[in-house]
Amino acid sequence: MAKLLALACTWLLAAASALAQGAYPSRPVKLLVGFAPGGSVDIAARIVAEGLGPRLGQQVVVENRAGGSGVLASQAVAKADPDGHTLLFASNGALTINPHLAPGQGDPMADFLPVARIARVDALLVVHPQVPAASFGEFIALLKREPGKYSFSSSPYGPTHLAGELLKKRADVNMLHIPYKGDAPALVDTMSGVVPANISVVPSVSKFIHAGKVRALASFGEKRLAEFPDLPTVSELGYPGVTAGAWYAVLAPKGTPSAIVQQLQRELQTALKDPQVIARMSAAGMESFPSAGPQETGEYIQQEYRKWGALIREANIRMTNN
């Protein structure tokens with residue numbers, strides 16, 4: 001009897017150990033970011049990681065794999081074991097814009113499963129205070145009255161650049177794009193009057209709006225911003241669908257079990273509803289999406305992929321080495 005009891009105990013312990021090893025997650029989870037530390041993508045990923053870790057019962061570690069506009073991180077996650085322990089914190093530029101600018105990349109979602117859409121950072125149209133346009137409508141009228149005279153600054157090939165190109169197409173105006181290596185130098189030249197207009201994301205430009213160094217004319221958001229409740233959106237000013245900004249999503253390698261994807265989505269949803277997470281996102285100029293699950297996230301990515309692909313082809317935008 002003692003031997004049988006000992007064998008039974010041994011079996012139960014082994015079974016418990018096997019179950020524990022099979023539970024998800026069984027070790028720290030890596031969240032890969034395709035850009036250097038300190039940028040908006042990295043900031044959002046770290047907010048999410050700190051909120052998600054306690055809910056998973058494991059540390060969530062942000063790992064920066066900068067290079068190729070997010071390609072290096074994407075490739076690493078695509079090749080990772082599909083067990084939920086290596087995830088991609090992706091930005092819309094890498095998912096829905098870059099594939100159209102670098103032919104041959106194929107479907108950006110071919111190697112991934114959408115887990116959740118995390119947050120959005122809207123783009124804003126601002127002008128130097130001496131530009132003779134006190135409103136968005138007056139600025140459009142100015143562009144129509146003097147075609148080709150005015151230009152806008154932004155980082156090239158990203159959401160802010162394409163926001164301007166989309167506006168040009170929909171409003172039928174001529175406004176030259178002046179590319180800069182980042183929001184900061186682009187804003188400096190707009191504040192100094194070198195370039196009359198600028199399109200940047202909220203975290204980059206908000207302090208200069210409050211300081212009166214630039215005048216905000218409109219937001220490219222889907223709705224008005226809490227920080228600037230009196231600032232209208234381009235959509236409500238007569239150009240529906242002219243929306244743009246940076247947004248982020250969590251993706252898992254293709255083949256990840258649906259139970260793990262669903263668990264991740266549930267825990268992310270809970271984390272994004274946490275008041276501390278909401279406050280940190282808001283302070284960084286971001287709006288979180290706590291209810292966007294795998295299906296909605298996948299549909300949104302495909303919608304954005306088609307939208308920017310059509311614009312890039314129509315406007316004949318091509319990436320150069322300059």
# chains A, B, ... in the order shown; residues from 1 in each chain; ligands from 1

call {"tool": "residues_around", "arguments": {"residues": "Pro229 (chain A)", "least_positions_apart": "4", "cutoff": "12 Å", "atoms": "only C-alpha atoms", "output": "PyMOL selection string"}}
result
chain A and resi 216+218-219+221+223-225+233

call {"tool": "select_by_dssp", "arguments": {"residues": "region 94-152 of chain A", "states": "strand (DSSP E or B)", "output": "VMD selection string"}}
result
chain A and resid 112 to 127 151 to 152

call {"tool": "closest_residue", "arguments": {"among": "A:Gly298, A:Pro25, A:Gly164, A:Gly51", "to": "Leu311 (chain A)", "atoms": "only C-alpha atoms"}}
result
A:Gly164

call {"tool": "closest_residue", "arguments": {"among": "A:Asn98, A:Ser91, A:Val62, A:Leu32", "to": "Gln75 (chain A)", "atoms": "only C-alpha atoms"}}
result
A:Leu32

call {"tool": "closest_atom_pairs", "arguments": {"of": "region 107-135 of chain A", "to": "region 252-258 of chain A", "cutoff": "8 Å", "atoms": "only C-alpha atoms", "output": "Markdown table"}}
result
| residue | atom | partner | partner_atom | distance |
| --- | --- | --- | --- | --- |
| A:Ala110 | CA | A:Lys254 | CA | 7.7 |
| A:Asp111 | CA | A:Lys254 | CA | 5.1 |
| A:Phe112 | CA | A:Lys254 | CA | 4.4 |
| A:Leu113 | CA | A:Ala252 | CA | 5.2 |
| A:Pro114 | CA | A:Ala252 | CA | 6.5 |
| A:Val115 | CA | A:Ala252 | CA | 6.7 |

call {"tool": "residues_around", "arguments": {"residues": "region 299-302 of chain A", "least_positions_apart": "2", "cutoff": "8 Å", "atoms": "only C-alpha atoms", "output": "number ranges by chain"}}
result
A: 92, 95-96, 295-297, 304-306

call {"tool": "write_last_selection", "arguments": {"atoms": "N, CA and C atoms", "output": "mmCIF file, in the first residue's frame"}}
result
data_model
loop_
_atom_site.group_PDB
_atom_site.id
_atom_site.type_symbol
_atom_site.label_atom_id
_atom_site.label_comp_id
_atom_site.auth_asym_id
_atom_site.auth_seq_id
_atom_site.Cartn_x
_atom_site.Cartn_y
_atom_site.Cartn_z
ATOM 1 N N ASN A 92 1.872 51.335 -37.339
ATOM 2 C CA ASN A 92 1.157 51.296 -38.619
ATOM 3 C C ASN A 92 2.071 51.549 -39.811
ATOM 4 N N LEU A 95 3.428 48.278 -40.877
ATOM 5 C CA LEU A 95 2.400 47.330 -41.321
ATOM 6 C C LEU A 95 1.661 47.766 -42.578
ATOM 7 N N THR A 96 1.353 49.049 -42.688
ATOM 8 C CA THR A 96 0.413 49.476 -43.730
ATOM 9 C C THR A 96 0.979 50.483 -44.730
ATOM 10 N N GLN A 295 -10.142 40.087 -34.247
ATOM 11 C CA GLN A 295 -10.854 40.270 -35.514
ATOM 12 C C GLN A 295 -10.911 41.735 -35.905
ATOM 13 N N GLU A 296 -11.295 42.589 -34.957
ATOM 14 C CA GLU A 296 -11.390 44.013 -35.256
ATOM 15 C C GLU A 296 -10.024 44.585 -35.629
ATOM 16 N N THR A 297 -8.980 44.137 -34.920
ATOM 17 C CA THR A 297 -7.628 44.613 -35.206
ATOM 18 C C THR A 297 -7.199 44.194 -36.602
ATOM 19 N N GLU A 304 -6.518 49.928 -43.360
ATOM 20 C CA GLU A 304 -5.458 50.927 -43.459
ATOM 21 C C GLU A 304 -4.449 50.568 -44.560
ATOM 22 N N TYR A 305 -4.180 49.293 -44.703
ATOM 23 C CA TYR A 305 -3.256 48.820 -45.737
ATOM 24 C C TYR A 305 -3.788 49.203 -47.125
ATOM 25 N N ARG A 306 -5.069 48.992 -47.355
ATOM 26 C CA ARG A 306 -5.673 49.343 -48.655
ATOM 27 C C ARG A 306 -5.704 50.855 -48.856
#

call {"tool": "closest_residue", "arguments": {"among": "A:Gln269, A:Ser74, A:Ser26, A:Gln276", "to": "Ala292 (chain A)", "atoms": "only C-alpha atoms"}}
result
A:Gln269

call {"tool": "atom_distance", "arguments": {"atom1": "CA of Leu187 (chain A)", "atom2": "CA of Val202 (chain A)"}}
result
12.0 Å

call {"tool": "residues_around", "arguments": {"residues": "Lys181 (chain A)", "least_positions_apart": "5", "cutoff": "9 Å", "atoms": "only C-alpha atoms", "output": "MDAnalysis selection string"}}
result
chainID A and resid 154:156 186

call {"tool": "residues_around", "arguments": {"residues": "region 131-134 of chain A", "least_positions_apart": "6", "cutoff": "10 Å", "atoms": "only C-alpha atoms", "output": "PDB file with C-alpha atoms, in the first residue's frame"}}
result
ATOM      1  CA  ILE A 140      -7.466  75.669 -47.760  1.00  0.00           C
ATOM      2  CA  ALA A 141      -8.746  78.828 -49.451  1.00  0.00           C
ATOM      3  CA  LEU A 142      -5.223  80.261 -49.291  1.00  0.00           C
ATOM      4  CA  TYR A 150       2.921  77.066 -49.490  1.00  0.00           C
ATOM      5  CA  GLY A 193       8.984  80.505 -40.566  1.00  0.00           C
ATOM      6  CA  PRO A 196       4.901  77.756 -43.294  1.00  0.00           C
ATOM      7  CA  ALA A 197       3.049  74.575 -42.269  1.00  0.00           C
ATOM      8  CA  VAL A 214       2.537  77.463 -33.946  1.00  0.00           C
ATOM      9  CA  ARG A 215      -1.194  77.710 -34.626  1.00  0.00           C
ATOM     10  CA  ALA A 216      -3.189  74.471 -34.785  1.00  0.00           C
ATOM     11  CA  LEU A 217      -5.767  74.379 -37.580  1.00  0.00           C
TER      12      LEU A 217
END

call {"tool": "select_by_dssp", "arguments": {"residues": "region 122-308 of chain A", "states": "alpha helix (DSSP H)", "output": "PyMOL selection string"}}
result
chain A and resi 136-145+159-171+183-191+202-210+258-272+275-283+294-308

call {"tool": "write_last_selection", "arguments": {"atoms": "C-alpha atoms", "output": "compact mmCIF listing (two decimals), in the first residue's frame"}}
result
# COMPACT_ATOMS: atom_id res chain seq x y z
CA PHE A 136 -8.51 75.34 -41.56
CA GLY A 137 -11.05 76.68 -44.08
CA GLU A 138 -9.04 79.86 -44.57
CA PHE A 139 -5.86 77.83 -45.06
CA ILE A 140 -7.47 75.67 -47.76
CA ALA A 141 -8.75 78.83 -49.45
CA LEU A 142 -5.22 80.26 -49.29
CA LEU A 143 -3.78 77.14 -50.93
CA LYS A 144 -6.36 77.33 -53.70
CA ARG A 145 -5.79 81.04 -54.21
CA PRO A 159 1.77 58.84 -41.36
CA THR A 160 2.32 62.61 -41.09
CA HIS A 161 3.71 62.86 -44.62
CA LEU A 162 0.85 60.79 -46.01
CA ALA A 163 -1.67 62.86 -44.04
CA GLY A 164 -0.58 65.87 -46.08
CA GLU A 165 -0.68 63.95 -49.34
CA LEU A 166 -4.16 62.65 -48.55
CA LEU A 167 -5.36 66.16 -47.74
CA LYS A 168 -3.90 67.48 -50.99
CA LYS A 169 -5.80 64.86 -52.98
CA ARG A 170 -9.14 65.24 -51.21
CA ALA A 171 -9.08 69.04 -51.03
CA ASP A 183 9.44 65.79 -36.10
CA ALA A 184 11.78 68.01 -34.07
CA PRO A 185 13.78 69.58 -36.95
CA ALA A 186 10.60 69.83 -39.04
CA LEU A 187 8.89 71.80 -36.28
CA VAL A 188 11.92 74.03 -35.72
CA ASP A 189 11.76 75.23 -39.32
CA THR A 190 8.02 75.80 -39.15
CA MET A 191 8.33 77.75 -35.88
CA VAL A 202 0.35 65.27 -30.86
CA PRO A 203 3.23 64.44 -28.46
CA SER A 204 5.72 66.25 -30.70
CA VAL A 205 3.76 69.44 -31.27
CA SER A 206 1.36 70.02 -28.36
CA LYS A 207 3.76 72.04 -26.17
CA PHE A 208 4.49 74.40 -29.06
CA ILE A 209 0.77 74.94 -29.64
CA HIS A 210 0.26 75.80 -25.96
CA SER A 258 -6.01 30.63 -30.46
CA ALA A 259 -6.35 30.06 -26.70
CA ILE A 260 -3.11 32.01 -26.14
CA VAL A 261 -4.17 34.78 -28.52
CA GLN A 262 -7.50 35.10 -26.71
CA GLN A 263 -5.80 35.09 -23.30
CA LEU A 264 -3.41 37.82 -24.41
CA GLN A 265 -6.27 39.89 -25.77
CA ARG A 266 -8.25 39.58 -22.53
CA GLU A 267 -5.28 40.58 -20.39
CA LEU A 268 -4.38 43.45 -22.70
CA GLN A 269 -7.98 44.63 -22.58
CA THR A 270 -7.88 44.61 -18.78
CA ALA A 271 -4.51 46.39 -18.71
CA LEU A 272 -5.70 49.12 -21.09
CA PRO A 275 -6.65 54.06 -14.72
CA GLN A 276 -2.86 54.29 -14.33
CA VAL A 277 -2.29 52.94 -17.85
CA ILE A 278 -4.93 55.30 -19.24
CA ALA A 279 -3.31 58.24 -17.44
CA ARG A 280 0.16 57.37 -18.76
CA MET A 281 -1.17 56.94 -22.29
CA SER A 282 -3.00 60.26 -22.10
CA ALA A 283 0.09 62.04 -20.76
CA PRO A 294 -8.11 40.07 -32.87
CA GLN A 295 -10.85 40.27 -35.51
CA GLU A 296 -11.39 44.01 -35.26
CA THR A 297 -7.63 44.61 -35.21
CA GLY A 298 -7.09 42.46 -38.29
CA GLU A 299 -9.88 44.21 -40.18
CA TYR A 300 -8.52 47.63 -39.24
CA ILE A 301 -5.02 46.74 -40.40
CA GLN A 302 -6.32 45.54 -43.77
CA GLN A 303 -8.46 48.68 -44.12
CA GLU A 304 -5.46 50.93 -43.46
CA TYR A 305 -3.26 48.82 -45.74
CA ARG A 306 -5.67 49.34 -48.66
CA LYS A 307 -6.16 53.05 -47.87
CA TRP A 308 -2.48 53.98 -47.87

call {"tool": "closest_residue", "arguments": {"among": "A:Val173, A:Ala94, A:Ala66, A:Leu125", "to": "Gly158 (chain A)", "atoms": "only C-alpha atoms"}}
result
A:Ala94

call {"tool": "atom_distance", "arguments": {"atom1": "CA of Ala49 (chain A)", "atom2": "CA of Ala244 (chain A)"}}
result
25.3 Å

call {"tool": "atom_distance", "arguments": {"atom1": "CA of Gly238 (chain A)", "atom2": "CA of Gly212 (chain A)"}}
result
26.3 Å

call {"tool": "residues_around", "arguments": {"residues": "Arg27 (chain A)", "least_positions_apart": "4", "cutoff": "8 Å", "atoms": "only C-alpha atoms", "output": "mmCIF file with N, CA and C atoms, in the first residue's frame"}}
result
data_model
loop_
_atom_site.group_PDB
_atom_site.id
_atom_site.type_symbol
_atom_site.label_atom_id
_atom_site.label_comp_id
_atom_site.auth_asym_id
_atom_site.auth_seq_id
_atom_site.Cartn_x
_atom_site.Cartn_y
_atom_site.Cartn_z
ATOM 1 N N GLN A 58 3.951 37.014 -15.306
ATOM 2 C CA GLN A 58 5.328 36.934 -15.776
ATOM 3 C C GLN A 58 5.778 38.323 -16.215
ATOM 4 N N GLN A 59 7.069 38.560 -16.164
ATOM 5 C CA GLN A 59 7.596 39.826 -16.631
ATOM 6 C C GLN A 59 7.442 39.930 -18.144
ATOM 7 N N HIS A 85 5.360 33.598 -26.343
ATOM 8 C CA HIS A 85 6.407 34.178 -25.507
ATOM 9 C C HIS A 85 7.245 35.226 -26.239
#

call {"tool": "closest_residue", "arguments": {"among": "A:Ser192, A:Ser291, A:Thr86, A:Ser200", "to": "Ala119 (chain A)", "atoms": "only C-alpha atoms"}}
result
A:Ser291

call {"tool": "residues_around", "arguments": {"residues": "Arg65 (chain A)", "least_positions_apart": "3", "cutoff": "8 Å", "atoms": "only C-alpha atoms", "output": "NGL selection string"}}
result
:A and (32-36 or 70 or 72-73)
